[in-house]
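The structure appears below as structure tokens.
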Amino acid sequence: MSAGPMTTRDIVLKAENITKQVTSPEGPLTIVRDVSLEIVAGESVAIVGPSGAGKSTLLALLAGLDAPTSGRVWLAGQDLTALDEDGRARLRAERVGFVFQAFHLVPALTALENVSLPLELAGRADARRLALATLDRVGLSARTGHYPRQLSGGEQQRVALARAFVTRPAVLFADEPTGNLDTANGTRVCDLLFELNRDLHTTVVLVSHDQTLAARCTRALHMDDGKLA
Amino acid sequence: MRAAILAVRTLAREWRSGELGVLLLALTIAVAALSAVGFVVSRVGAAVELQASEVLAADLRLVSANPLPETYLDEARRRGLATAGSVGVLSIVFHGDASQLSSLRAVSPGYPLRGTVVVAAETFGAPENAAGGVPPRGEVWPESRLLAAIGAEVGDEVSIGAANFRVGRALVTRPDQGSSFAELAPSLLLNAEDLPATQLLQPGSRARFALLFAGDRDEVEAFKAWIGERKQAGERVLDITESSPQVRDATDRAGRFLSLASLVAVLLCSIAVAMAARRYVQRHLDSVALMKTLGATRAFTLTVSLVQLGLLALIAASVGAAAGFVAQAWLVRALRGLLAVATLPPPSLMPIVMAIVTAFAVLAGFALPPLLQLSRVPAIRVLRRDVGPPPLVIWLAFWPAVIAIVGLIYWVVRDVPLLLGFTAGLAAFVAVLALCGALLVRLTGSLRSRVGVAWRYGIANLARRRAESVVQVVAFGLGIMVLLLLALVRRDLLEDWRASLPADVPNFFFINIPSAERGDFLSFIDDAGAATSRALPMIRGRLTAINDRPIEGLSFDDEGLATREQNLTWTSELGDDNQIVEGGWWRPQDTGQPLVSIATEFRDSVGVKLGDRLTFDIAGETYVVTVASIRQVKWDSFQPNFFLVFPPGLLDATAGTWMTSAYFAPGKPRPIAQLVRRFPSVSVFDMDSILGQVRGVIDKAAVAVQSVFFFTLLAGLTVLLAAVQASRDERRFESAILRTLGASRRTVRAGVLAEFITLGLLAGLLAALGASIGGYLIAKYVLEVKYTFDVWVWVWGLGAGAVLVAGGGWLATRSVVGQSPILTLRGG
């Protein structure tokens with residue numbers, strides 16, 4: 001499959017001196033401290049580190065789910081820090097996919113509807129066809145009409161993967177994607193993730209405690225006490 | 001559009017997955033209760049109005065001292081209204097040598113348009129409804145006392161003017177005989193077509209002409225306006241709002257109270273919806289955060305929620321209104337035996353409109369703010385569950401609810417002072433309740449170390465969910481307070497009515513008692529075993545000038561009251577049923593002074609005030625008197641009462657007669673016939689029929705109040721369940737954690753009970769306080785009755801609070817405790 005107009009040297013995600021401070025009962029607390037990084041298209045990057053190191057917060061800042069206290073983030077050429085909440089949402093709809101530890105499927109929607117949702121949010125007319133194709137890709141074509149509660153954990157995460165990749169995002173963010181799965185299911189989800197990463201030339205940024213998963217990434221960023229080591 | 005499609009699709013899914021059941025149920029029950037109340041109120045209200053119409057024998061009555069033109073009748077018929085006519089004239093009725101002055105009423109076919117004529121087959125015989133209201137030609141229906149006075153029986157022949165008639169029946173009551181004493185003579189009904197034969201109507205003869213109209217309410221209103229523009233001087237329009245003061249008093253109070261009761265249902269509905277909306281928001285925080293993560297804008301997520309709630313409102317309004325209709329049909333069937341009318345008028349469509357408008361207004365006021373808040377939940381929540389939406393902006397949290405509620409209150413009561421009083425009271429109550437709630441919740445925290453583990457868990461729950469606890473205490477407190485207040489007001493209202501109409505309320509009025517015969521007359525009544533009320537002198541007089549300006553040059557709201565010949569009295573006693581609202585009652589030094597005390601009705605109709613000088617022509621003499629006091633008269637006391645009362649010593653020398661009223665116990669023989677023969681100049685009024693009419697109105701109102709109260713109770717219980725439901729998920733999770741940590745099912749149950757009992761006691765405490773204060777205010781300012789402190793309010797408040805909240809909470813959380821902890825933890 002072609003990589004499209006983007007070359008491997010295209011920087012798809014860039015952070016410049018980002019810091020995140022929150023107020024806690026004990027006073028201001030710095031969770032992410034002056035982090036700068038660059039990630040090029042097609043790369044797979046693992047953010048690793050001990051609990052409380054600020055991995056998930058960094059992921060949220062890079063994905064535009066949260067705004068940094070200071071510093072700037074560019075995603076697919078757009079300055080996230082210059083966009084308001086709705087602007088960031090529109091950018092996510094077009095360029096970003098997500099996979100979460102707790103799957104986060106909409107319980108009221110079927111597997112097919114969950115996968116169609118981001119396409120529909122982006123106003124795509126062929127949502128159903130693409131969603132069916134992607135569910136087939138993750139091996140769930142027989143489960144399209146099932147609700148999340150009728151699916152196993154592994155199946156739910158595969159639906160989540162299908163939902164993340166169905167929009168052909170420039171960047172896929174994954175927060176402990178195998179954290180809630182047993183080894184067999186975890187491996188299967190991992191395989192799928194990297195397969196899609198390779199085939200669709202999607203950049204993957206993931207947070208994980210899973211050393212094997214981190215080892216399969218092209219690069220690992222070590223985080224401790226809010227800083228990149 | 002995409003948002004709407006997604007909203008519809010997820011609504012169907014969420015309904016199937018049971019997510020929205022509680023919200024829809026709360027809204028539906030709320031609307032059902034509201035519309036059932038609305039339907040019943042509309043039907044009973046219409047029945048009460050119909051009853052009031054019966055007093056006029058029509059919906060609208062046009063009266064004049066001159067013959068009324070046919071054009072009115074033509075126009076009324078063109079508008080599809082039913083019509084009838086009546087002519088009242090005074091004449092002597094002869095039977096052999098005996099004669100008696102009588103008030104003749106010649107009525108045309110169709111009479112009465114409202115109500116029924118009651119007759120008896122023999123003098124003072126058993127009453128029965130006449131088949132038609134009009135005697136056949138050649139026949140008259142005189143009152144029994146008239147027959148007694150002339151010694152005639154049913155079947156005898158009597159002569160009136162130039163014609164002879166057969167006495168067909170004895171008249172007991174006709175609907176429009178009224179309660180004023182303009183007609184002193186006993187009445188007689190005859191066919192209008194027989195009137196010319198009597199030759200009583202000559203140019204210049206004193207007759208009273210009336211046209212009667214009835215029909216569809218809107219048509220009647222339009223026709224009334226049409227007449228208003230065309231009526232000539234001397235023509236007066238009477239409708240049910242201007243019918244006799246007793247009935248007006250009763251219906252006014254009934255209407256006001258029913259409005260208040262249905263308003264309470266509206267308020268309780270709002271609370272239920274607010275709680276359900278909160279739950280909706282809680283359950284949708286994750287979905288909305290996820291949608292935002294997937295690229296949905298704030299407007300998009302808000303639209304999805306709005307469309308969903310809008311659809312729910314429509315469904316709830318339809319299902320609720322239908323359920324309300326079924327409920328009212330059932331209720332009305334159950335009530336039918338108690339109502340005097342055989343069938344209630346059909347309900348108006350207004351309650352359906354009201355159900356829909358209310359569903360949306362309440363949703364907009366109480367569900368919109370949390371929904372706006374829901375749309376502000378940040379996307380980061382997908383990674384950090386502890387992140388919620390930013391707190392509500394204060395104005396957004398309160399104003400929509402306040403606007404919705406005030407709007408609804410106004411829509412229901414249509415009375416600005418009542419609206420202001422009620423709203424201010426409510427706002428103050430909620431504020432005080434919130435303050436007290438917060439204080440009590442804080443205080444209970446300090447009790448934690450002194451109680452066992454279950455109570456500690458329960459109280460800890462109250463203290464930890466402080467804001468939620470306060471909201472629940474306010475909601476429960478308000479619900480219970482409203483129920484208590486309703487019980488209080490209902491008791492006061494009914495007791496006031498009952499008290500104002502005791503079993504021995506006078507049932508006979510005697511007018512025209514000559515001063516010389518007063519002593520004999522009163523001892524006759526006394527000997528007959530009847531109790532007389534006060535006896536007052538009575539004299540006729542005419543108002544000729546106000547502040548030296550002749551009344552011919554003045555205009556009045558009620559021309560009749562200002563210009564007609566007045567009944568006047570003088571007395572030194574004020575009487576329990578009279579209350580001075582301005583000025584002061586006679587002091588000893590006022591005896592013989594040129595002063596007058598007027599009733600509020602006279603003040604309002606004639607437009608005079610304290611200190612004005614009124615000139616009266618009384619028996620050919622001119623009196624200039626100053627208004628010294630204004631009295632509020634309870635006309636439904638059935639005691640002799642007058643618009644105009646002079647101090648003793650001023651008119652004593654004028655030749656007047658006396659009036660009194662008396663109570664003759666039922667079952668005993670009433671010596672009325674002997675009385676009429678012995679005191680031929682005394683006019684006798686049998687009040688039993690008028691009393692029966694007033695009692696009918698009051699009974700209907702009481703039944704209506706009880707039915708409204710029943711539905712308000714249901715609405716209150718709905719609020720309770722909605723409130724408990726709102727915290728159900730949290731409780732399920734907590735109970736699972738407690739059980740995982742080794743707490744027994746019993747301990748968890750005891751903890752839940754402890755929490756709800758505490759909550760109920762706090763709410764009950766505040767409710768009793770609020771109800772006592774509210775009851776006092778409503779009794780004093782709205783219903784104008786005396787308030788008596790009631791310790792039972794506190795007993796019931798605390799008891800009902802604990803039992804209702806604990807019971808309801810227990811039922812709603814039962815499944816929480818029963819569930820296996822692992823299922824909950826895995827799912828949550």
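Naming scheme: A, B, ... for chains in displayed order of the structure tokens; residues 1 onward per chain; ligands 1 onward as shown.
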
Give me, as a short mmCIF file (atom, residue, chain, number, x, y, z; two decimals) with N, CA and C atoms, in the first residue's frame, the contact residues of chain B against chain A at a cut-off of 8 Å, counting only C-alpha atoms.
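Result file selection-v3.cif:
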```cif
data_model
loop_
_atom_site.label_atom_id
_atom_site.label_comp_id
_atom_site.auth_asym_id
_atom_site.auth_seq_id
_atom_site.Cartn_x
_atom_site.Cartn_y
_atom_site.Cartn_z
N ARG B 2 -27.68 15.16 11.30
CA ARG B 2 -26.99 13.93 11.72
C ARG B 2 -27.21 13.72 13.21
N THR B 10 -30.16 6.28 18.98
CA THR B 10 -29.68 5.91 20.31
C THR B 10 -30.82 5.91 21.32
N ARG B 13 -32.33 2.58 21.14
CA ARG B 13 -31.42 1.60 21.75
C ARG B 13 -31.39 1.74 23.27
N GLU B 14 -31.28 3.00 23.70
CA GLU B 14 -31.16 3.22 25.14
C GLU B 14 -32.44 2.81 25.86
N SER B 17 -32.22 -0.83 26.23
CA SER B 17 -31.25 -1.24 27.24
C SER B 17 -31.63 -0.73 28.62
N SER B 287 -20.50 8.83 27.63
CA SER B 287 -20.85 8.81 26.21
C SER B 287 -20.49 10.12 25.55
N LEU B 290 -16.81 10.55 25.19
CA LEU B 290 -16.34 9.68 24.12
C LEU B 290 -16.65 10.28 22.75
N LYS B 292 -17.03 13.31 22.03
CA LYS B 292 -16.15 14.45 21.80
C LYS B 292 -14.76 13.97 21.39
N THR B 293 -14.30 12.89 22.03
CA THR B 293 -13.01 12.33 21.68
C THR B 293 -13.02 11.91 20.21
N LEU B 294 -14.17 11.37 19.79
CA LEU B 294 -14.29 10.91 18.40
C LEU B 294 -14.54 12.08 17.46
N GLY B 295 -14.60 13.29 17.96
CA GLY B 295 -14.67 14.45 17.08
C GLY B 295 -15.98 15.20 17.08
N ALA B 296 -16.89 14.85 18.01
CA ALA B 296 -18.18 15.57 18.04
C ALA B 296 -17.98 16.94 18.67
N THR B 297 -18.65 17.97 18.13
CA THR B 297 -18.56 19.30 18.73
C THR B 297 -19.57 19.39 19.87
N ARG B 298 -19.45 20.49 20.64
CA ARG B 298 -20.35 20.70 21.78
C ARG B 298 -21.80 20.84 21.30
N PRO B 378 -15.44 17.61 29.54
CA PRO B 378 -14.27 17.59 28.66
C PRO B 378 -13.97 16.19 28.13
N ALA B 379 -13.35 16.14 26.95
CA ALA B 379 -13.01 14.86 26.33
C ALA B 379 -12.04 14.06 27.20
N ILE B 380 -11.25 14.75 27.99
CA ILE B 380 -10.22 14.08 28.81
C ILE B 380 -10.83 13.04 29.75
N VAL B 382 -12.39 10.54 29.09
CA VAL B 382 -12.19 9.16 28.62
C VAL B 382 -10.94 8.56 29.24
N LEU B 383 -10.00 9.42 29.62
CA LEU B 383 -8.78 8.90 30.24
C LEU B 383 -8.82 9.01 31.75
#
```

* So which bits of range 119-178 of chain A end up alpha helix (DSSP H) when you DSSP the backbone, as a VMD selection string? -> chain A and resid 119 to 121 127 to 137 153 to 165

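Those residues in range 18-53 of chain A carrying a DSSP assignment of strand (DSSP E or B), computed from the backbone, are Ile18, Thr19, Lys20, Gln21, Val22, Thr23, Ser24, Gly27, Pro28, Leu29, Thr30, Ile31, Val32, Arg33, Asp34, Val35, Ser36, Leu37, Glu38, Ile39, Val40, Ser44, Val45, Ala46, Ile47 and Val48 of chain A.
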
Selection from above, C-alpha atoms, as a compact mmCIF listing (two decimals), in the first residue's frame, can you write it?
```txt
# COMPACT_ATOMS: atom_id res chain seq x y z
CA ILE A 18 4.62 21.51 27.08
CA THR A 19 3.82 21.68 30.76
CA LYS A 20 0.62 20.71 32.55
CA GLN A 21 -0.13 22.01 36.00
CA VAL A 22 -3.23 21.28 38.06
CA THR A 23 -4.34 22.69 41.39
CA SER A 24 -4.56 20.12 44.17
CA GLY A 27 -1.10 23.45 46.03
CA PRO A 28 -0.17 23.45 42.32
CA LEU A 29 0.96 20.10 41.00
CA THR A 30 3.02 19.70 37.81
CA ILE A 31 2.09 16.49 36.00
CA VAL A 32 3.92 17.07 32.72
CA ARG A 33 7.12 19.12 32.84
CA ASP A 34 8.59 20.88 29.81
CA VAL A 35 8.24 18.01 27.34
CA SER A 36 9.34 18.41 23.71
CA LEU A 37 9.11 15.68 21.08
CA GLU A 38 8.66 15.01 17.38
CA ILE A 39 6.97 11.99 15.84
CA VAL A 40 7.07 11.30 12.10
CA SER A 44 4.93 3.68 16.31
CA VAL A 45 5.93 5.22 19.63
CA ALA A 46 5.44 3.75 23.10
CA ILE A 47 5.35 6.04 26.15
CA VAL A 48 6.49 3.95 29.09
```

* Spatial neighbours of range 126-133 of chain A, max dist 8 Å, only C-alpha atoms, sep filter under 5 positions, as number ranges by chain -> A: 112, 115-116, 119-120, 141, 144, 162-163, 166

Writing out the chosen residues with N, CA and C atoms as a JSON list (two decimals), in the first residue's frame:
```json
[["chain", "number", "residue", "atom", "x", "y", "z"],
["A", 112, "LEU", "N", -21.49, -2.50, 14.92],
["A", 112, "LEU", "CA", -21.47, -1.79, 13.64],
["A", 112, "LEU", "C", -21.70, -0.30, 13.85],
["A", 115, "VAL", "N", -18.70, 1.46, 15.29],
["A", 115, "VAL", "CA", -17.64, 1.69, 14.32],
["A", 115, "VAL", "C", -18.05, 2.80, 13.34],
["A", 116, "SER", "N", -19.35, 2.86, 13.01],
["A", 116, "SER", "CA", -19.83, 3.90, 12.08],
["A", 116, "SER", "C", -19.79, 5.29, 12.71],
["A", 119, "LEU", "N", -17.35, 8.02, 11.59],
["A", 119, "LEU", "CA", -17.58, 8.37, 10.18],
["A", 119, "LEU", "C", -18.80, 9.28, 10.06],
["A", 120, "GLU", "N", -19.84, 8.92, 10.83],
["A", 120, "GLU", "CA", -21.05, 9.73, 10.79],
["A", 120, "GLU", "C", -20.81, 11.11, 11.37],
["A", 141, "SER", "N", -16.97, -9.84, 11.54],
["A", 141, "SER", "CA", -18.09, -9.63, 10.63],
["A", 141, "SER", "C", -19.33, -10.40, 11.10],
["A", 144, "THR", "N", -21.55, -8.04, 14.06],
["A", 144, "THR", "CA", -21.86, -6.62, 13.80],
["A", 144, "THR", "C", -23.10, -6.12, 14.54],
["A", 162, "ALA", "N", -11.31, -1.27, 15.39],
["A", 162, "ALA", "CA", -11.99, -1.01, 14.11],
["A", 162, "ALA", "C", -12.51, 0.43, 14.10],
["A", 163, "ARG", "N", -13.09, 0.88, 15.24],
["A", 163, "ARG", "CA", -13.61, 2.23, 15.31],
["A", 163, "ARG", "C", -12.48, 3.25, 15.16],
["A", 166, "VAL", "N", -11.17, 3.11, 11.32],
["A", 166, "VAL", "CA", -12.12, 3.20, 10.22],
["A", 166, "VAL", "C", -12.03, 4.56, 9.51]]
```

* Find the spatial neighbours of Arg158 in chain A, counting only C-alpha atoms, within a cut-off of 9 Å - ignore same-chain residues fewer than 4 positions away - and output them as a VMD selection string. => chain A and resid 103 135 138 to 140 153 to 154 162 to 163 188 to 189 192

* **Neighbour list for Gly799 in chain B as an MDAnalysis selection string, cut-off 10 Å, only C-alpha atoms, skip fewer than 4 positions in-chain** => chainID B and resid 757 760:761 764:765 793:795 803:805

Taking N, CA and C atoms for each residue, export the selection above as a PDB file, in the first residue's frame.
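Listing of part00.pdb after writing:
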```pdb
ATOM      1  N   ILE B 757     -33.540   6.937  56.673  1.00  0.00           N
ATOM      2  CA  ILE B 757     -34.308   7.385  57.837  1.00  0.00           C
ATOM      3  C   ILE B 757     -33.808   8.769  58.270  1.00  0.00           C
ATOM      4  N   GLY B 760     -34.971  11.241  55.802  1.00  0.00           N
ATOM      5  CA  GLY B 760     -36.410  11.454  55.952  1.00  0.00           C
ATOM      6  C   GLY B 760     -36.733  12.311  57.162  1.00  0.00           C
ATOM      7  N   LEU B 761     -36.007  12.062  58.266  1.00  0.00           N
ATOM      8  CA  LEU B 761     -36.248  12.851  59.484  1.00  0.00           C
ATOM      9  C   LEU B 761     -35.871  14.311  59.263  1.00  0.00           C
ATOM     10  N   GLY B 764     -38.477  15.752  57.036  1.00  0.00           N
ATOM     11  CA  GLY B 764     -39.735  15.885  57.758  1.00  0.00           C
ATOM     12  C   GLY B 764     -39.710  17.057  58.728  1.00  0.00           C
ATOM     13  N   LEU B 765     -38.562  17.214  59.382  1.00  0.00           N
ATOM     14  CA  LEU B 765     -38.388  18.316  60.327  1.00  0.00           C
ATOM     15  C   LEU B 765     -38.583  19.655  59.613  1.00  0.00           C
ATOM     16  N   VAL B 793     -48.945  18.265  62.856  1.00  0.00           N
ATOM     17  CA  VAL B 793     -48.142  18.546  61.662  1.00  0.00           C
ATOM     18  C   VAL B 793     -46.720  18.044  61.872  1.00  0.00           C
ATOM     19  N   TRP B 794     -46.215  18.250  63.087  1.00  0.00           N
ATOM     20  CA  TRP B 794     -44.835  17.841  63.389  1.00  0.00           C
ATOM     21  C   TRP B 794     -44.744  16.328  63.495  1.00  0.00           C
ATOM     22  N   VAL B 795     -45.728  15.741  64.167  1.00  0.00           N
ATOM     23  CA  VAL B 795     -45.734  14.281  64.291  1.00  0.00           C
ATOM     24  C   VAL B 795     -45.793  13.649  62.896  1.00  0.00           C
ATOM     25  N   VAL B 803     -40.862   7.406  57.332  1.00  0.00           N
ATOM     26  CA  VAL B 803     -41.478   6.209  56.740  1.00  0.00           C
ATOM     27  C   VAL B 803     -41.445   6.273  55.212  1.00  0.00           C
ATOM     28  N   LEU B 804     -41.838   7.403  54.669  1.00  0.00           N
ATOM     29  CA  LEU B 804     -41.893   7.517  53.202  1.00  0.00           C
ATOM     30  C   LEU B 804     -40.508   7.419  52.582  1.00  0.00           C
ATOM     31  N   VAL B 805     -39.579   8.193  53.114  1.00  0.00           N
ATOM     32  CA  VAL B 805     -38.244   8.213  52.510  1.00  0.00           C
ATOM     33  C   VAL B 805     -37.548   6.867  52.728  1.00  0.00           C
TER      34      VAL B 805
END
```

* Residue neighbourhood Pro67 in chain B, 9 Å, only C-alpha atoms, exclusion window fewer than 4 positions, as a ChimeraX atom specification -> /B:87,207-210

Resulting file, chosen residues, C-alpha atoms, as an mmCIF file, in the first residue's frame:
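Generated output (again22.cif):
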```
data_model
loop_
_atom_site.group_PDB
_atom_site.id
_atom_site.type_symbol
_atom_site.label_atom_id
_atom_site.label_comp_id
_atom_site.auth_asym_id
_atom_site.auth_seq_id
_atom_site.Cartn_x
_atom_site.Cartn_y
_atom_site.Cartn_z
ATOM 1 C CA VAL B 87 -91.588 38.378 33.309
ATOM 2 C CA ALA B 207 -92.679 44.502 36.002
ATOM 3 C CA ARG B 208 -89.276 42.922 35.708
ATOM 4 C CA PHE B 209 -88.397 41.490 32.310
ATOM 5 C CA ALA B 210 -85.630 38.948 31.866
#
```

* Tell me, as a list in words, which residues lie within 12 Å of Phe789 in chain B, counting only C-alpha atoms; anything in the same chain fewer than 3 positions away does not count. => Leu488, Asp492, Ala768, Leu769, Ala771, Ser772, Ile773, Gly774, Gly775, Tyr776, Ala779, Lys786, Trp792, Val793 and Trp794 of chain B

Keeping only C-alpha atoms, write the selected residues as a PDB file, in the first residue's frame.
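What ended up in selection.pdb:
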```
ATOM      1  CA  LEU B 488     -53.645  21.685  56.709  1.00  0.00           C
ATOM      2  CA  ASP B 492     -58.912  24.696  57.439  1.00  0.00           C
ATOM      3  CA  ALA B 768     -43.231  20.487  59.351  1.00  0.00           C
ATOM      4  CA  LEU B 769     -41.626  23.858  59.972  1.00  0.00           C
ATOM      5  CA  ALA B 771     -45.927  23.679  56.496  1.00  0.00           C
ATOM      6  CA  SER B 772     -46.683  25.408  59.790  1.00  0.00           C
ATOM      7  CA  ILE B 773     -45.425  28.741  58.505  1.00  0.00           C
ATOM      8  CA  GLY B 774     -46.988  28.265  55.067  1.00  0.00           C
ATOM      9  CA  GLY B 775     -50.291  27.152  56.575  1.00  0.00           C
ATOM     10  CA  TYR B 776     -50.380  30.226  58.751  1.00  0.00           C
ATOM     11  CA  ALA B 779     -54.892  30.703  56.139  1.00  0.00           C
ATOM     12  CA  LYS B 786     -58.131  31.672  61.424  1.00  0.00           C
ATOM     13  CA  TRP B 792     -49.823  16.801  64.558  1.00  0.00           C
ATOM     14  CA  VAL B 793     -48.142  18.546  61.662  1.00  0.00           C
ATOM     15  CA  TRP B 794     -44.835  17.841  63.389  1.00  0.00           C
TER      16      TRP B 794
END
```

* Asked: Nearest to Leu650 in chain B among B:Val432, B:Thr569, B:Ala662, B:Asn66, with distances taken over only C-alpha atoms: which residue is it?
  -> B:Thr569

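For the atom pair formed by CA of Arg542 in chain B and CA of Val625 in chain B, the distance is 12.9 Å, given to one decimal.
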